[in-house]
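Report on one structure; see the data block that follows.
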Amino acid sequence: MSKKNEDKIEEKSLVEDIPAILPILPLRDIVIFPYMIFPVLVGREQSIKAANYSLENSKYIFLATQKKSNLDEPKKSDIYSEGTIAKIVQILKLPNGLLKILVDGVLHGKIIDFTERKEFFEAEVETIISLPENDHEMNALIRQMVHLFKEYVKINRNIPTEAISAFDSIEEPDRKLFYAAANINQSIDAKQKILQKFTLKEQYYEIIALLNSEIDILKIEKEIDNKVQDNIAKTQRKFIIQEQIKILQDELGEEDEGSPEYLKLKEKIKKAKMPKIANEKAIEELNKLKKIPSLSPEFTVIRNYLDWLVDVPWYKKSNDNLNIKHVQNILDEDHFGLEKPKERIIEHIAVLNLVQQMRGQILCFVGPPGVGKTSLGRSIARALGREFVRISLAGVRHEAEIRGHRRTYIGSMPGKIIQAMKRATTINPVILLDEIDKLSADFRGDPSSAMLEVLDPEQNNTFQDHYLEVDYDLSQVMFITTANVRYSIPLPLQDRMEIIELSGYLEYDKIEIAKRHIIPKQIKSNGLESKKVHFLDSAIKKIITHYTREAGVRNLERELASVCRKLAKEIVVQESGKTKIAKKKEIKVDDSGIEKYLGVSRFKNTKFDKADRVGSITGLAWTSVGGEILIVDVSVMSGSEKLIMTGQIGNVMKESAQAALSYLRSNSKKLKLEDNFFKGKEIHIHLPEGAIPKDGPSAGVAMSLAMLSAISGIPTNGDVAMTGEITLRGKVLAIGGLTEKLLAAKRNEIKTVLIPKDNEVDLKEIQSTVKDGLNIIPISTIDEAIPIVFGKLFNKTKVKPKSRKPRAK
């Protein structure tokens, strides 16, 4: 009898022994094929019941794989229909409660229908027997599969070579197929596809496709691995050869010329013309670099250090244009007004003409936003013919941002000063340190302390950055700093700088700046050069008075840009319309045009109320955006002898009000007031615009006279404004921001301004255009202010304190 017939008889007898209905054992992450013996761990309660039932009865069980392995309690629909009929060979109970079942795959099977059993899955199973066809196609498929499987085993490191011997010993085509399928490292879904084919040919085609796919992937993996290994081997070989060459050169006493990169760096160091100490440091680091492997992290650190050392300028210097007329023309061309800083620059040029060399000058421009501090620095650089670099110091809170980080830190680099020098490429640029008053200190250090060396002409010729570790000469740099407020700059820094105050612009100045600089710039930016756009002075004035409220011209430029954009839109819409509109010779923007383009006025230009009022005085205040008038209102009412202050008033101003009240009480006889004027009264001081914080001592005079007016009932002169700090003896002390305060008075058409006598000397520094039309009266005591504010109304009779009477119903 032939082998084929024997197998057929054996399988037929097996089918007769296997019950038609079998318990189902769902499997996770594994597919068990026929003719394979395999251990299975069982832990689920229903699986344990199914295994025990099978062992007690026929010992046959159906092994089917779950579609999703993460399901702990699969349903009937979660189990593949195709699987393997197996016989339980052995069951071993483990200490942890699991069962280890050794199963022997017998035949290929398929679930026909599940039974109603609830303890475990049970189903009617159909046995699938596929005998090989003896034809050329089948023989070719077997031969192809055998060849591919052997190649797969040779490439795959995870399968032992003994698998080929075991594979060769199998003769039956179906057993060969399932043995190969069991040893392929593929997904559950891919292996399940073999069991879902019911003829041997279809199964062979499926496994051949799987093997081809796996072999291609393994070849790519091997190719990648070989490339990686080759690169590692080349690097190691290069390193070993380099080390051998070094040892041989040391033995022979010869020097290596080095790699092209090394030679290039050496040439750069030579061309840099560094000072002796810096050059020695660079050569020392270069020699270290030569001995360090290029893959070492230290190599990159040293290479970056040398790049910084050679890129920073050491000798290259730009030639200054010392022609005073040229410098004056450039400064006038770029800026209108600003005579004081311009004069200081001209003086600097004049000195350079005589001495040719002088220590770097440090100028500090202090003024409100938008008055041209930053642009003036750029203009100075252009006038001198020097490189210009701007460094923003706003928000700098770490000392290392100025001095640099030490090279021990990962990602370290020089500070802002050395970085600026690299960008400048010369040793004598103009460096603008913008917003120096915004420097802030924290637990990591105080950057303003690091600035002391930078801004000291006696020290900055040996400035040392923590990263470079060598002295760097900053003495030829022209440093210019800018700030909005002087008191925010640390005093040691102020001591090292020449401070130049830039006051706010008058209305006339703003109109001229708009006509000369802003409007031409915006016309060009918005493509209106060919349209002949012309702004009338009245239109510019309307923007200044009704749409902006500032000391500078930043918002003015913003509003003019808005008008130009709307003009551009209007022109494009007209030109693209169906009916062509005749081109105008000139587009004039007047008052009505401003309202059309910018909408309703943001600021009502109501004239300041200069009527005589009781208990109300006009003070003058300084803000970071310029000067403002400060109304001080006082009311006296019945109460418990206390002073009430409202309007977001700071501590200094509260103390000033208390001092003013104490002065009035202690000098009541001299001021012709009742001795007990405060008895049974409350005095309420209010400063309008309560949302804006207010502080400072300069409102002392205004509060004193406002209280005097409210207590005496005598009205004050509404055309008088004042500023000054008061003492308990009635003396008036000096204040700051005089120019801005005078500008505020002028804007509000106030004619008379009282200032402290000590500030009289400051009037010489203020432009005549600011003082014109103002009657400025210096006072040294409150007594001198009383006749000016009250006039002849302040009689010599004693005045009883006034209080508000209830209004009649």
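Lettering and numbering for the structure tokens are positional, with chains as A, B, ... in the shown order, residues counted from 1 in each chain, and ligands counted from 1 in the shown order.
Around region 558-572 of chain A, within 9 Å and counting only C-alpha atoms, the residues found are Ala514, Ile518, Ile519, Gln522, Ile523, Ser525, Asn526, Gly527, Leu528, Lys531, Val533, Ile540, Ile543, Tyr547, Thr548, Val553, Arg554, Asn555, Leu556, Gln574, Glu575, Ser576, Gly577, Gly593, Ile594, Tyr597 and Leu598 of chain A, once anything fewer than 2 positions away on its own chain is removed.
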Excluding Ile111 (chain A) and any residue of its chain fewer than 3 positions from it, enumerate the residues within 9 Å of it, using only C-alpha atoms, and give them as a ChimeraX atom specification.
/A:62,80-83,114,123-126
Using only C-alpha atoms, which residues sit within 7 Å of Leu98 (chain A) once same-chain residues fewer than 3 positions away are excluded, as JSON, numbers by chain?
{"A": [41, 42, 43, 93, 94]}
Distance of CA of Thr481 (chain A) from CA of Met497 (chain A), expressed in Å to one decimal place:
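Answer for the CA of Met497 (chain A) to CA of Thr481 (chain A) separation: 8.6 Å.
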When DSSP is applied to the backbone of this structure, which of region 513-632 of chain A are assigned alpha helix (DSSP H)? Write them out as an MDAnalysis selection string.
chainID A and resid 513 519:525 537:546 554:575 591:598
Using only C-alpha atoms, which protein or nucleic acid residues come within 9 Å of region 372-381 of chain A? Drop anything in the same chain fewer than 5 positions from it, and give the result as a list in words.
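Counting only C-alpha atoms, the residues come to Val327, Ile330, Leu331, Asp334, His335, Leu338, Pro341, Lys342, Ile345, Phe365, Val366, Gly367, Arg386, Glu387, Phe388, Val389, Arg390, Pro429, Val430, Ile431, Leu432, Asp434, Ile480, Thr481, Thr482, Ala483, Leu502, Gly552 and Val553 of chain A.
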Out of region 478-720 of chain A, which residues get strand (DSSP E or B) from DSSP, as an MDAnalysis selection string?
chainID A and resid 478:483 498:501 533:535 587:589 613 616:623 626:638 642:646 649 673 681:686 694 716 720
From the list A:Asn96, A:Ser662, A:Ser169, A:Ser77, which residue is nearest Lys642 (chain A) when using only C-alpha atoms?
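Residue with the minimum atom-to-atom distance to Lys642 (chain A): A:Ser662.
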Contact residues around Ala400 (chain A) with only C-alpha atoms at 10 Å, ignoring same-chain residues under 5 positions, as a list in words
His405, Arg406, Ser412, Met413, Pro414, Gly415, Lys416, Arg444, Gly445, Asp446, Pro447, Ala450, Asp465, His466 and Tyr467 of chain A
For region 709-723 of chain A: contacts at 8 Å, only C-alpha atoms, fewer than 3 positions along chain excluded, given as a VMD selection string
chain A and resid 609 to 621 634 to 636 673 677 698 to 702 705 to 706 735 745 750 to 756 788 to 791 793 to 794 799 to 803
Would you output that residue set with N, CA and C atoms, as a compact mmCIF listing (two decimals), in the first residue's frame?
```txt
# COMPACT_ATOMS: atom_id res chain seq x y z
N ASP A 609 -11.04 124.61 31.41
CA ASP A 609 -11.91 125.55 32.12
C ASP A 609 -11.06 126.40 33.07
N LYS A 610 -10.91 127.66 32.71
CA LYS A 610 -10.06 128.55 33.51
C LYS A 610 -10.87 129.49 34.42
N ALA A 611 -12.14 129.09 34.66
CA ALA A 611 -12.98 129.92 35.54
C ALA A 611 -12.47 129.84 36.98
N ASP A 612 -12.68 130.95 37.72
CA ASP A 612 -12.28 130.97 39.12
C ASP A 612 -13.17 130.00 39.92
N ARG A 613 -12.53 129.15 40.75
CA ARG A 613 -13.28 128.15 41.50
C ARG A 613 -12.81 128.11 42.95
N VAL A 614 -13.74 127.78 43.85
CA VAL A 614 -13.39 127.63 45.26
C VAL A 614 -12.95 126.18 45.50
N GLY A 615 -11.80 126.02 46.16
CA GLY A 615 -11.32 124.69 46.51
C GLY A 615 -10.79 123.89 45.34
N SER A 616 -10.41 124.53 44.26
CA SER A 616 -9.89 123.81 43.08
C SER A 616 -8.68 124.54 42.54
N ILE A 617 -7.60 123.77 42.34
CA ILE A 617 -6.33 124.34 41.87
C ILE A 617 -5.82 123.48 40.72
N THR A 618 -5.14 124.13 39.79
CA THR A 618 -4.52 123.41 38.67
C THR A 618 -3.05 123.14 38.99
N GLY A 619 -2.73 121.86 39.14
CA GLY A 619 -1.34 121.47 39.34
C GLY A 619 -0.74 120.96 38.04
N LEU A 620 0.55 120.70 38.05
CA LEU A 620 1.26 120.16 36.87
C LEU A 620 1.96 118.87 37.28
N ALA A 621 1.81 117.86 36.44
CA ALA A 621 2.39 116.55 36.77
C ALA A 621 3.24 116.05 35.61
N VAL A 634 -10.81 120.15 46.50
CA VAL A 634 -10.91 119.98 47.96
C VAL A 634 -12.30 120.42 48.42
N SER A 635 -12.87 119.60 49.28
CA SER A 635 -14.16 119.95 49.90
C SER A 635 -14.02 119.87 51.41
N VAL A 636 -14.68 120.81 52.11
CA VAL A 636 -14.69 120.82 53.58
C VAL A 636 -16.11 120.54 54.03
N LEU A 673 -6.86 132.53 59.26
CA LEU A 673 -7.86 131.49 59.43
C LEU A 673 -8.23 131.37 60.90
N PHE A 677 -10.21 125.93 62.88
CA PHE A 677 -10.93 125.71 61.62
C PHE A 677 -11.12 124.22 61.29
N SER A 698 5.50 116.65 44.16
CA SER A 698 5.46 117.95 43.49
C SER A 698 4.08 118.61 43.49
N ALA A 699 3.05 117.91 44.02
CA ALA A 699 1.73 118.53 44.09
C ALA A 699 1.49 119.20 45.45
N GLY A 700 2.53 119.31 46.28
CA GLY A 700 2.39 119.87 47.63
C GLY A 700 1.84 121.29 47.62
N VAL A 701 2.38 122.15 46.74
CA VAL A 701 1.93 123.55 46.67
C VAL A 701 0.48 123.60 46.24
N ALA A 702 0.11 122.81 45.21
CA ALA A 702 -1.26 122.83 44.70
C ALA A 702 -2.24 122.37 45.77
N LEU A 705 -2.73 125.17 48.56
CA LEU A 705 -3.55 126.31 48.15
C LEU A 705 -5.00 125.90 47.90
N ALA A 706 -5.21 124.64 47.44
CA ALA A 706 -6.58 124.16 47.23
C ALA A 706 -7.30 124.04 48.57
N ILE A 735 11.66 120.53 41.87
CA ILE A 735 10.99 119.35 41.30
C ILE A 735 11.71 118.95 40.00
N ALA A 745 1.19 122.95 30.41
CA ALA A 745 0.53 124.23 30.64
C ALA A 745 0.27 124.95 29.32
N ILE A 750 -2.70 127.81 29.45
CA ILE A 750 -2.56 128.47 30.75
C ILE A 750 -1.43 129.49 30.65
N LYS A 751 -1.69 130.67 31.15
CA LYS A 751 -0.72 131.77 30.94
C LYS A 751 0.31 131.88 32.05
N THR A 752 -0.08 131.61 33.29
CA THR A 752 0.82 131.82 34.43
C THR A 752 1.17 130.48 35.06
N VAL A 753 2.47 130.28 35.30
CA VAL A 753 2.94 129.03 35.91
C VAL A 753 3.85 129.38 37.08
N LEU A 754 3.55 128.80 38.25
CA LEU A 754 4.40 128.99 39.43
C LEU A 754 5.33 127.80 39.55
N ILE A 755 6.64 128.08 39.65
CA ILE A 755 7.63 127.00 39.78
C ILE A 755 8.52 127.29 41.00
N PRO A 756 9.19 126.28 41.55
CA PRO A 756 10.10 126.53 42.68
C PRO A 756 11.25 127.44 42.26
N ILE A 788 -0.72 135.70 44.13
CA ILE A 788 -0.83 135.40 42.69
C ILE A 788 -2.07 134.56 42.44
N VAL A 789 -2.34 133.60 43.34
CA VAL A 789 -3.46 132.66 43.15
C VAL A 789 -4.78 133.29 43.57
N PHE A 790 -4.80 134.07 44.68
CA PHE A 790 -6.05 134.62 45.20
C PHE A 790 -6.26 136.10 44.87
N GLY A 791 -5.17 136.78 44.53
CA GLY A 791 -5.29 138.21 44.20
C GLY A 791 -5.70 139.03 45.41
N LEU A 793 -8.61 139.25 46.67
CA LEU A 793 -9.75 138.68 47.39
C LEU A 793 -9.35 138.17 48.76
N PHE A 794 -8.06 137.83 48.92
CA PHE A 794 -7.59 137.29 50.20
C PHE A 794 -7.37 138.46 51.16
N VAL A 799 -11.06 134.47 58.45
CA VAL A 799 -12.02 133.72 57.62
C VAL A 799 -12.49 132.51 58.36
N LYS A 800 -13.81 132.35 58.42
CA LYS A 800 -14.35 131.15 59.04
C LYS A 800 -14.38 130.01 58.02
N PRO A 801 -14.13 128.78 58.50
CA PRO A 801 -14.14 127.66 57.56
C PRO A 801 -15.52 127.43 56.97
N LYS A 802 -15.56 127.19 55.69
CA LYS A 802 -16.81 126.96 54.99
C LYS A 802 -17.11 125.47 54.96
N SER A 803 -18.35 125.13 55.01
CA SER A 803 -18.75 123.72 54.83
C SER A 803 -19.99 123.70 53.95
```
In Å, with one decimal, what is the gap from CA of Thr727 (chain A) to CA of Lys679 (chain A)?
23.1 Å
Rounded to one decimal place, report the CA of Ser475 (chain A)-CA of Asp456 (chain A) distance in Å.
8.9 Å
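Shortest separation to His136 (chain A) among A:Lys201, A:Ile779, A:Ser488, A:Ser503 occurs at residue A:Lys201, atoms counted being only C-alpha atoms.
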Return the single residue from A:Gln419, A:Lys264, A:His108, A:Val40 that is closest to Ile402 (chain A), with distances computed using only C-alpha atoms.
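Result for the nearest residue to Ile402 (chain A): A:Gln419.
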